[in-house]
Structures are given as structure tokens and as C-alpha cells.
Amino acid sequence: MIWFTADTHFGHKNIIKYCDRPFDSIENMDQTIIGAINNNVQPNDILWHLGDFCFAPRKKYYDVVKFYRYRIICKNVGLIFGNHDRSTIRELFCWSHKRHRLTIDNVSFVLHHKWFGASEKNHTESIYLHGHSHGKCEDWLDQIIPNRKSLDVGVDNAHRLLGEYRPFSLQEIFQIVENRQCLITT
């Protein structure tokens with residue numbers, strides 16, 4: 001299976017407050033998110049992380065990212081660099097890109113940390129997966145582009161849509177996008 005996530009912000013104390021995450025500590029947040037990843041994503045699956053993997057002081061950054069990366073049981077993890085990620089961690093992931101286009105089941109996907117779909121018309125031509133907005137732009141985007149083919153795959157939006165801080169499966173993404181298309185045609 002193929003999975004997508006973003007904005008885990010492992011080790012980031014202030015993200016709990018900024019995103020109103022229901023955790024009383026970094027340890028509780030990190031354990032919950034890693035547990036949810038490992039409960040869903042199997043070792044031989046593919047997991048794409050679309051940025052803001054971890055937050056740590058510059059001198060400890062590589063070691064902290066390595067600590068969190070290897071707590072995830074999935075062997076095939078790709079990274080799309082977010083605004084909190086540094087290129088020094090590239091080797092800890094199977095693939096790493098600033099932006100990436102891929103095709104799955106004859107469907108084109110654009111993977112990016114931030115949503116730029118309107119400027120590139122990716123909301124109609126490809127499925128545009130991103131993070132960065134922590135689910136806060138989804139309602140607004142539904143209003144201005146009701147049939148869009150983009151989705152914030154970050155853990156905060158997963159909690160909002162799926163009830164858990166976990167990755168989205170490829171099938172869930174197809175279903176969400178298809179439901180938007182059905183709403184327009186009815």
C-alpha cells in the first residue's frame with residue numbers, strides 16, 4: 001500500500017499549542033503519531049512524508065531526525081522537504097525531493113509541502129498532495145475550488161477528517177477526491 005502524511009513535527013513542543021493538538025507533552029504526541037503510523041503502514045508499504053518531519057536544535061537535528069525516522073517501521077519512506085526540514089537528513093530517507101511528480105495507477109500526483117495548486121492548475125490536472133496548512137485551508141479551498149483534486153495530507157487534517165493523527169492511504173485519497181467530483185455533478 002501507499003500512504004501519505006505531513007506535518008508530524010516530531011519533537012516540536014509549540015505545535016501542540018499552535019494546532020490545538022490534544023496532547024499534554026511532546027512525548028505523548030510523538031508516541032501517538034508514531035503509533036498510528038506503525039499501526040497502519042506496514043514495513044514493506046511506501047510512506048511519503050510531505051514535509052515538516054521533525055523539529056530540533058540545529059546541532060542535534062540530524063540525530064533527532066534519525067531517532068524518529070527509525071522508530072517508524074516502514075522501510076520505504078520518502079521525504080518532500082518542508083520549511084522545517086534540512087537537506088542534511090536526505091540520506092535517512094529512501095527518496096527526497098523539494099517537489100515530486102509521480103504516477104500511480106495511471107493517475108498523476110504532485111507532491112509538495114505547500115499548496116500551490118491554483119497557480120499551476122493542479123487542482124484539475126493532477127491530484128495535488130501537500131501539507132503545511134495543518135488542515136486550516138481545506139474548508140476555504142472547498143468553497144473557492146469545490147471540485148479540486150488537492151488534499152492536505154498532514155496529520156492535523158487526518159485528525160479532522162479521519163479522527164486520528166495518522167497517514168492517509170491512497171484509497172482514502174481517491175475516495176475524498178471522488179466525493180468532491182460527485183458533489184459537483186449532482
# chains A, B, ... in the order shown; residues from 1 in each chain; ligands from 1

call {"tool": "residues_around", "arguments": {"residues": "segment 56-70 of chain A", "least_positions_apart": "6", "cutoff": "9 Å", "atoms": "only C-alpha atoms", "output": "PyMOL selection string"}}
result
chain A and resi 10-12+30+34+77+86+88-89+92-93

call {"tool": "write_last_selection", "arguments": {"atoms": "N, CA and C atoms", "output": "PDB file, in the first residue's frame"}}
result
ATOM      1  N   PHE A  10       7.602  16.067  14.819  1.00  0.00           N
ATOM      2  CA  PHE A  10       8.116  15.331  15.981  1.00  0.00           C
ATOM      3  C   PHE A  10       9.056  16.223  16.787  1.00  0.00           C
ATOM      4  N   GLY A  11       8.933  16.169  18.100  1.00  0.00           N
ATOM      5  CA  GLY A  11       9.800  16.938  18.981  1.00  0.00           C
ATOM      6  C   GLY A  11       9.475  18.418  19.080  1.00  0.00           C
ATOM      7  N   HIS A  12       8.379  18.867  18.497  1.00  0.00           N
ATOM      8  CA  HIS A  12       8.044  20.300  18.449  1.00  0.00           C
ATOM      9  C   HIS A  12       6.982  20.623  19.506  1.00  0.00           C
ATOM     10  N   ASP A  30       4.346  12.520  20.127  1.00  0.00           N
ATOM     11  CA  ASP A  30       5.218  11.732  19.256  1.00  0.00           C
ATOM     12  C   ASP A  30       4.853  10.254  19.296  1.00  0.00           C
ATOM     13  N   ILE A  34       3.548   8.274  15.993  1.00  0.00           N
ATOM     14  CA  ILE A  34       4.353   7.139  15.519  1.00  0.00           C
ATOM     15  C   ILE A  34       3.570   5.840  15.662  1.00  0.00           C
ATOM     16  N   VAL A  77      10.411   5.006   3.067  1.00  0.00           N
ATOM     17  CA  VAL A  77       9.886   6.328   3.414  1.00  0.00           C
ATOM     18  C   VAL A  77      10.572   7.384   2.552  1.00  0.00           C
ATOM     19  N   ARG A  86      15.829  20.079   6.806  1.00  0.00           N
ATOM     20  CA  ARG A  86      17.117  20.484   6.247  1.00  0.00           C
ATOM     21  C   ARG A  86      17.664  19.382   5.344  1.00  0.00           C
ATOM     22  N   THR A  88      20.408  18.062   5.138  1.00  0.00           N
ATOM     23  CA  THR A  88      21.360  17.150   5.781  1.00  0.00           C
ATOM     24  C   THR A  88      20.733  15.808   6.146  1.00  0.00           C
ATOM     25  N   ILE A  89      19.410  15.717   6.133  1.00  0.00           N
ATOM     26  CA  ILE A  89      18.747  14.459   6.515  1.00  0.00           C
ATOM     27  C   ILE A  89      18.393  13.599   5.301  1.00  0.00           C
ATOM     28  N   LEU A  92      18.605   9.775   5.265  1.00  0.00           N
ATOM     29  CA  LEU A  92      17.776   8.989   6.184  1.00  0.00           C
ATOM     30  C   LEU A  92      16.485   8.486   5.526  1.00  0.00           C
ATOM     31  N   PHE A  93      16.243   8.923   4.298  1.00  0.00           N
ATOM     32  CA  PHE A  93      15.018   8.570   3.583  1.00  0.00           C
ATOM     33  C   PHE A  93      15.369   7.895   2.261  1.00  0.00           C
TER      34      PHE A  93
END

call {"tool": "residues_around", "arguments": {"residues": "Pro22 of chain A", "least_positions_apart": "6", "cutoff": "12 Å", "atoms": "only C-alpha atoms", "output": "PDB file with N, CA and C atoms, in the first residue's frame"}}
result
ATOM      1  N   ILE A  15       3.991  23.127  18.600  1.00  0.00           N
ATOM      2  CA  ILE A  15       2.968  22.720  17.630  1.00  0.00           C
ATOM      3  C   ILE A  15       1.720  22.232  18.345  1.00  0.00           C
ATOM      4  N   ILE A  16       1.876  21.728  19.561  1.00  0.00           N
ATOM      5  CA  ILE A  16       0.725  21.281  20.349  1.00  0.00           C
ATOM      6  C   ILE A  16      -0.224  22.456  20.576  1.00  0.00           C
ATOM      7  N   ASN A  28       4.015  12.337  24.496  1.00  0.00           N
ATOM      8  CA  ASN A  28       2.689  11.772  24.238  1.00  0.00           C
ATOM      9  C   ASN A  28       2.290  11.976  22.778  1.00  0.00           C
ATOM     10  N   MET A  29       2.539  13.177  22.247  1.00  0.00           N
ATOM     11  CA  MET A  29       2.224  13.464  20.850  1.00  0.00           C
ATOM     12  C   MET A  29       3.036  12.563  19.917  1.00  0.00           C
ATOM     13  N   ASP A  30       4.346  12.520  20.127  1.00  0.00           N
ATOM     14  CA  ASP A  30       5.218  11.732  19.256  1.00  0.00           C
ATOM     15  C   ASP A  30       4.853  10.254  19.296  1.00  0.00           C
ATOM     16  N   THR A  32       1.960   8.915  20.077  1.00  0.00           N
ATOM     17  CA  THR A  32       0.652   8.713  19.447  1.00  0.00           C
ATOM     18  C   THR A  32       0.777   8.708  17.923  1.00  0.00           C
ATOM     19  N   ILE A  33       1.493   9.677  17.378  1.00  0.00           N
ATOM     20  CA  ILE A  33       1.613   9.768  15.915  1.00  0.00           C
ATOM     21  C   ILE A  33       2.429   8.602  15.358  1.00  0.00           C
ATOM     22  N   ASP A 156      -2.807  16.824  11.075  1.00  0.00           N
ATOM     23  CA  ASP A 156      -3.898  17.611  11.649  1.00  0.00           C
ATOM     24  C   ASP A 156      -5.160  17.489  10.799  1.00  0.00           C
ATOM     25  N   HIS A 159      -6.626  14.072  11.398  1.00  0.00           N
ATOM     26  CA  HIS A 159      -7.420  14.057  12.637  1.00  0.00           C
ATOM     27  C   HIS A 159      -8.795  14.667  12.384  1.00  0.00           C
ATOM     28  N   GLU A 164      -8.019  10.536  13.535  1.00  0.00           N
ATOM     29  CA  GLU A 164      -6.733  10.098  14.085  1.00  0.00           C
ATOM     30  C   GLU A 164      -5.599  10.901  13.472  1.00  0.00           C
ATOM     31  N   TYR A 165      -4.519  11.035  14.209  1.00  0.00           N
ATOM     32  CA  TYR A 165      -3.296  11.659  13.698  1.00  0.00           C
ATOM     33  C   TYR A 165      -2.493  10.574  12.999  1.00  0.00           C
TER      34      TYR A 165
END

call {"tool": "closest_residue", "arguments": {"among": "A:Cys54, A:Glu125, A:Val153, A:Ile145", "to": "Pro167 of chain A", "atoms": "only C-alpha atoms"}}
result
A:Val153

call {"tool": "select_by_dssp", "arguments": {"residues": "segment 42-135 of chain A", "states": "strand (DSSP E or B)", "output": "mmCIF file with C-alpha atoms, in the first residue's frame"}}
result
data_model
loop_
_atom_site.group_PDB
_atom_site.id
_atom_site.type_symbol
_atom_site.label_atom_id
_atom_site.label_comp_id
_atom_site.auth_asym_id
_atom_site.auth_seq_id
_atom_site.Cartn_x
_atom_site.Cartn_y
_atom_site.Cartn_z
ATOM 1 C CA ILE A 46 5.514 3.049 0.880
ATOM 2 C CA LEU A 47 5.116 6.159 3.015
ATOM 3 C CA TRP A 48 5.574 9.630 1.582
ATOM 4 C CA HIS A 49 6.122 12.346 4.190
ATOM 5 C CA CYS A 54 10.800 16.970 12.923
ATOM 6 C CA ASN A 76 10.281 2.735 2.255
ATOM 7 C CA VAL A 77 9.886 6.328 3.414
ATOM 8 C CA GLY A 78 10.248 9.276 1.047
ATOM 9 C CA LEU A 79 10.523 12.901 2.125
ATOM 10 C CA ILE A 80 9.342 16.059 0.426
ATOM 11 C CA TRP A 95 13.820 9.362 -1.666
ATOM 12 C CA SER A 96 13.936 13.073 -1.009
ATOM 13 C CA HIS A 97 12.781 15.964 -3.160
ATOM 14 C CA ARG A 99 8.757 18.677 -5.093
ATOM 15 C CA HIS A 100 7.943 15.440 -6.871
ATOM 16 C CA ARG A 101 5.588 14.207 -9.558
ATOM 17 C CA LEU A 102 4.663 10.541 -9.705
ATOM 18 C CA THR A 103 2.113 8.334 -11.406
ATOM 19 C CA ILE A 104 0.170 5.684 -9.521
ATOM 20 C CA VAL A 107 -3.115 8.899 -12.081
ATOM 21 C CA SER A 108 -0.699 11.824 -11.880
ATOM 22 C CA PHE A 109 0.228 13.132 -8.432
ATOM 23 C CA VAL A 110 2.171 16.217 -7.457
ATOM 24 C CA LEU A 111 3.775 16.073 -4.012
ATOM 25 C CA HIS A 112 4.761 19.357 -2.426
ATOM 26 C CA ILE A 127 -4.016 15.104 -7.622
ATOM 27 C CA TYR A 128 -2.010 17.633 -5.646
ATOM 28 C CA LEU A 129 -0.972 16.417 -2.187
ATOM 29 C CA HIS A 130 0.547 18.798 0.316
#

call {"tool": "select_by_dssp", "arguments": {"residues": "segment 4-174 of chain A", "states": "helix (DSSP H, G or I)", "output": "PyMOL selection string"}}
result
chain A and resi 13-18+26-40+58-69+87-92+117-120+122-125+138-144+155-162+170-174

call {"tool": "atom_distance", "arguments": {"atom1": "atom CA of His134 of chain A", "atom2": "atom CA of Asp105 of chain A"}}
result
27.4 Å

call {"tool": "closest_residue", "arguments": {"among": "A:Glu138, A:Pro43, A:Lys98, A:Asp52", "to": "Lys75 of chain A", "atoms": "only C-alpha atoms"}}
result
A:Pro43

call {"tool": "residues_around", "arguments": {"residues": "Gln181 of chain A", "least_positions_apart": "4", "cutoff": "9 Å", "atoms": "only C-alpha atoms", "output": "list in words"}}
result
Pro146, Asn147, Arg148, Lys149, Ile176, Val177 and Thr185 of chain A

call {"tool": "closest_residue", "arguments": {"among": "A:Glu91, A:Cys137, A:Asp7, A:Met1", "to": "Gly154 of chain A", "atoms": "only C-alpha atoms"}}
result
A:Asp7

call {"tool": "atom_distance", "arguments": {"atom1": "atom CA of Phe53 of chain A", "atom2": "atom CA of Phe81 of chain A"}}
result
8.5 Å

call {"tool": "atom_distance", "arguments": {"atom1": "atom CA of Ile37 of chain A", "atom2": "atom CA of Leu50 of chain A"}}
result
14.1 Å

call {"tool": "decode", "arguments": {"residues": "segment 83-130 of chain A", "atoms": "C-alpha atoms", "output": "compact mmCIF listing (two decimals), in the first residue's frame"}}
result
# COMPACT_ATOMS: atom_id res chain seq x y z
CA ASN A 83 10.12 24.57 5.66
CA HIS A 84 11.42 22.92 8.87
CA ASP A 85 13.43 20.18 7.11
CA ARG A 86 17.12 20.48 6.25
CA SER A 87 18.90 18.80 3.36
CA THR A 88 21.36 17.15 5.78
CA ILE A 89 18.75 14.46 6.51
CA ARG A 90 18.40 13.37 2.89
CA GLU A 91 20.23 10.07 3.46
CA LEU A 92 17.78 8.99 6.18
CA PHE A 93 15.02 8.57 3.58
CA CYS A 94 14.70 6.36 0.50
CA TRP A 95 13.82 9.36 -1.67
CA SER A 96 13.94 13.07 -1.01
CA HIS A 97 12.78 15.96 -3.16
CA LYS A 98 11.69 19.57 -2.89
CA ARG A 99 8.76 18.68 -5.09
CA HIS A 100 7.94 15.44 -6.87
CA ARG A 101 5.59 14.21 -9.56
CA LEU A 102 4.66 10.54 -9.71
CA THR A 103 2.11 8.33 -11.41
CA ILE A 104 0.17 5.68 -9.52
CA ASP A 105 -2.47 3.56 -11.27
CA ASN A 106 -2.32 5.90 -14.29
CA VAL A 107 -3.12 8.90 -12.08
CA SER A 108 -0.70 11.82 -11.88
CA PHE A 109 0.23 13.13 -8.43
CA VAL A 110 2.17 16.22 -7.46
CA LEU A 111 3.78 16.07 -4.01
CA HIS A 112 4.76 19.36 -2.43
CA HIS A 113 4.92 20.73 1.08
CA LYS A 114 2.83 23.83 0.37
CA TRP A 115 -0.35 24.20 -1.68
CA PHE A 116 0.28 25.97 -4.95
CA GLY A 117 -2.45 24.24 -6.92
CA ALA A 118 -4.32 27.29 -8.16
CA SER A 119 -1.29 28.79 -9.87
CA GLU A 120 -0.42 25.51 -11.60
CA LYS A 121 -3.95 24.27 -12.26
CA ASN A 122 -3.01 21.09 -10.43
CA HIS A 123 -6.37 21.07 -8.74
CA THR A 124 -7.85 19.81 -12.02
CA GLU A 125 -4.99 18.11 -13.91
CA SER A 126 -3.26 16.08 -11.16
CA ILE A 127 -4.02 15.10 -7.62
CA TYR A 128 -2.01 17.63 -5.65
CA LEU A 129 -0.97 16.42 -2.19
CA HIS A 130 0.55 18.80 0.32
